[in-house]
Amino acid sequence: WGQLLHQKHMPPGETALTAAGCYRFVLSNPHVDVCLCGPKNRDEMRQALAALDSGPLGAAETERVKTIGDHVHKTVKSFFA
């Protein structure tokens with residue numbers, strides 16, 4: 001899927017999220033019981049594991065991710081539409 005990781009889908013003034021940032025967002029949600037990752041290589045696996053060491057997102061970063069997610073959901077055509 002990956003729309004959150006591409007700069008072309010971002011709202012004006014925002015930079016694309018990283019996979020680690022997305023993992024941290026999901027892992028910060030108390031309603032999520034399972035988070036899967038699908039790394040293509042060792043570097044991506046290291047980034048995913050680093051997200052665990054970084055801990056949960058703060059309030060400001062959580063709101064940023066939600067704003068980006070809302071924008072992408074409203075503007076990017078996907079197979080969910």
# chains A, B, ... in the order shown; residues from 1 in each chain; ligands from 1
>>> residues_around(residues="stretch 2-19 of chain A", least_positions_apart="4", cutoff="12 Å", atoms="only C-alpha atoms", output="PyMOL selection string")
chain A and resi 23-26+36-40+43-52+61-62+64-79
>>> select_by_dssp(residues="chain A", states="helix (DSSP H, G or I)", output="PyMOL selection string")
chain A and resi 3-5+7-9+19-27+42-54+59-75
>>> write_last_selection(atoms="N, CA and C atoms", output="tab-separated table (two decimals), in the first residue's frame")
chain	number	residue	atom	x	y	z
A	3	GLN	N	0.96	4.46	0.66
A	3	GLN	CA	0.66	5.84	0.30
A	3	GLN	C	1.19	6.84	1.33
A	4	LEU	N	1.25	6.46	2.60
A	4	LEU	CA	1.72	7.36	3.64
A	4	LEU	C	3.23	7.61	3.57
A	5	LEU	N	3.92	6.79	2.78
A	5	LEU	CA	5.37	6.89	2.68
A	5	LEU	C	5.84	7.69	1.48
A	7	GLN	N	6.02	11.16	-0.75
A	7	GLN	CA	5.91	12.61	-0.63
A	7	GLN	C	4.80	13.17	-1.52
A	8	LYS	N	4.58	12.58	-2.68
A	8	LYS	CA	3.57	13.13	-3.60
A	8	LYS	C	2.16	13.10	-3.03
A	9	HIS	N	1.91	12.30	-2.00
A	9	HIS	CA	0.58	12.21	-1.41
A	9	HIS	C	0.40	13.09	-0.17
A	19	ALA	N	8.40	4.35	7.53
A	19	ALA	CA	7.78	3.09	7.98
A	19	ALA	C	7.88	2.99	9.49
A	20	ALA	N	9.02	3.37	10.05
A	20	ALA	CA	9.19	3.31	11.50
A	20	ALA	C	8.18	4.22	12.20
A	21	GLY	N	7.93	5.39	11.63
A	21	GLY	CA	6.93	6.29	12.20
A	21	GLY	C	5.53	5.69	12.17
A	22	CYS	N	5.22	5.00	11.08
A	22	CYS	CA	3.91	4.33	10.98
A	22	CYS	C	3.80	3.21	12.01
A	23	TYR	N	4.86	2.44	12.18
A	23	TYR	CA	4.85	1.37	13.20
A	23	TYR	C	4.66	1.97	14.58
A	24	ARG	N	5.37	3.05	14.87
A	24	ARG	CA	5.24	3.69	16.18
A	24	ARG	C	3.83	4.21	16.41
A	25	PHE	N	3.20	4.75	15.36
A	25	PHE	CA	1.83	5.22	15.48
A	25	PHE	C	0.89	4.07	15.85
A	26	VAL	N	1.02	2.98	15.14
A	26	VAL	CA	0.16	1.82	15.42
A	26	VAL	C	0.42	1.27	16.81
A	27	LEU	N	1.70	1.14	17.15
A	27	LEU	CA	2.05	0.58	18.45
A	27	LEU	C	1.69	1.51	19.61
A	42	ARG	N	17.31	-6.22	5.00
A	42	ARG	CA	17.81	-6.07	6.38
A	42	ARG	C	17.67	-4.65	6.88
A	43	ASP	N	17.92	-3.67	6.01
A	43	ASP	CA	17.80	-2.28	6.42
A	43	ASP	C	16.39	-1.95	6.88
A	44	GLU	N	15.40	-2.40	6.12
A	44	GLU	CA	14.01	-2.16	6.51
A	44	GLU	C	13.67	-2.89	7.81
A	45	MET	N	14.23	-4.06	8.02
A	45	MET	CA	14.00	-4.79	9.26
A	45	MET	C	14.63	-4.04	10.43
A	46	ARG	N	15.82	-3.50	10.23
A	46	ARG	CA	16.46	-2.72	11.29
A	46	ARG	C	15.63	-1.48	11.64
A	47	GLN	N	15.07	-0.83	10.62
A	47	GLN	CA	14.23	0.35	10.87
A	47	GLN	C	12.98	-0.03	11.66
A	48	ALA	N	12.39	-1.16	11.33
A	48	ALA	CA	11.19	-1.61	12.05
A	48	ALA	C	11.54	-1.92	13.51
A	49	LEU	N	12.65	-2.57	13.74
A	49	LEU	CA	13.06	-2.88	15.11
A	49	LEU	C	13.43	-1.62	15.88
A	50	ALA	N	14.01	-0.62	15.20
A	50	ALA	CA	14.34	0.64	15.85
A	50	ALA	C	13.08	1.35	16.34
A	51	ALA	N	11.97	1.15	15.65
A	51	ALA	CA	10.70	1.75	16.08
A	51	ALA	C	10.32	1.26	17.47
A	52	LEU	N	10.62	0.00	17.75
A	52	LEU	CA	10.32	-0.54	19.08
A	52	LEU	C	11.14	0.17	20.15
A	53	ASP	N	12.41	0.43	19.84
A	53	ASP	CA	13.28	1.11	20.80
A	53	ASP	C	12.90	2.57	20.99
A	54	SER	N	12.29	3.18	19.98
A	54	SER	CA	11.93	4.59	20.05
A	54	SER	C	10.73	4.86	20.94
A	59	ALA	N	2.12	13.33	21.74
A	59	ALA	CA	0.82	13.87	21.31
A	59	ALA	C	0.92	14.66	20.02
A	60	ALA	N	1.93	15.50	19.88
A	60	ALA	CA	2.06	16.33	18.68
A	60	ALA	C	2.32	15.47	17.44
A	61	GLU	N	3.19	14.49	17.58
A	61	GLU	CA	3.49	13.62	16.44
A	61	GLU	C	2.29	12.75	16.09
A	62	THR	N	1.54	12.31	17.08
A	62	THR	CA	0.33	11.53	16.83
A	62	THR	C	-0.67	12.35	16.02
A	63	GLU	N	-0.85	13.61	16.38
A	63	GLU	CA	-1.77	14.48	15.65
A	63	GLU	C	-1.28	14.71	14.22
A	64	ARG	N	0.03	14.86	14.04
A	64	ARG	CA	0.59	15.03	12.70
A	64	ARG	C	0.27	13.82	11.83
A	65	VAL	N	0.47	12.63	12.37
A	65	VAL	CA	0.20	11.41	11.60
A	65	VAL	C	-1.29	11.31	11.27
A	66	LYS	N	-2.15	11.66	12.20
A	66	LYS	CA	-3.59	11.63	11.94
A	66	LYS	C	-3.97	12.62	10.84
A	67	THR	N	-3.38	13.81	10.87
A	67	THR	CA	-3.66	14.82	9.83
A	67	THR	C	-3.24	14.30	8.46
A	68	ILE	N	-2.04	13.73	8.40
A	68	ILE	CA	-1.56	13.16	7.14
A	68	ILE	C	-2.46	12.02	6.69
A	69	GLY	N	-2.81	11.14	7.60
A	69	GLY	CA	-3.67	10.01	7.26
A	69	GLY	C	-5.03	10.45	6.73
A	70	ASP	N	-5.62	11.45	7.37
A	70	ASP	CA	-6.91	11.97	6.89
A	70	ASP	C	-6.78	12.54	5.49
A	71	HIS	N	-5.71	13.27	5.25
A	71	HIS	CA	-5.48	13.86	3.92
A	71	HIS	C	-5.32	12.77	2.86
A	72	VAL	N	-4.50	11.79	3.15
A	72	VAL	CA	-4.27	10.70	2.19
A	72	VAL	C	-5.56	9.93	1.95
A	73	HIS	N	-6.31	9.67	2.99
A	73	HIS	CA	-7.57	8.93	2.84
A	73	HIS	C	-8.55	9.69	1.94
A	74	LYS	N	-8.58	11.00	2.03
A	74	LYS	CA	-9.52	11.81	1.26
A	74	LYS	C	-9.06	12.05	-0.18
A	75	THR	N	-7.75	12.01	-0.42
A	75	THR	CA	-7.25	12.44	-1.73
A	75	THR	C	-6.62	11.36	-2.60
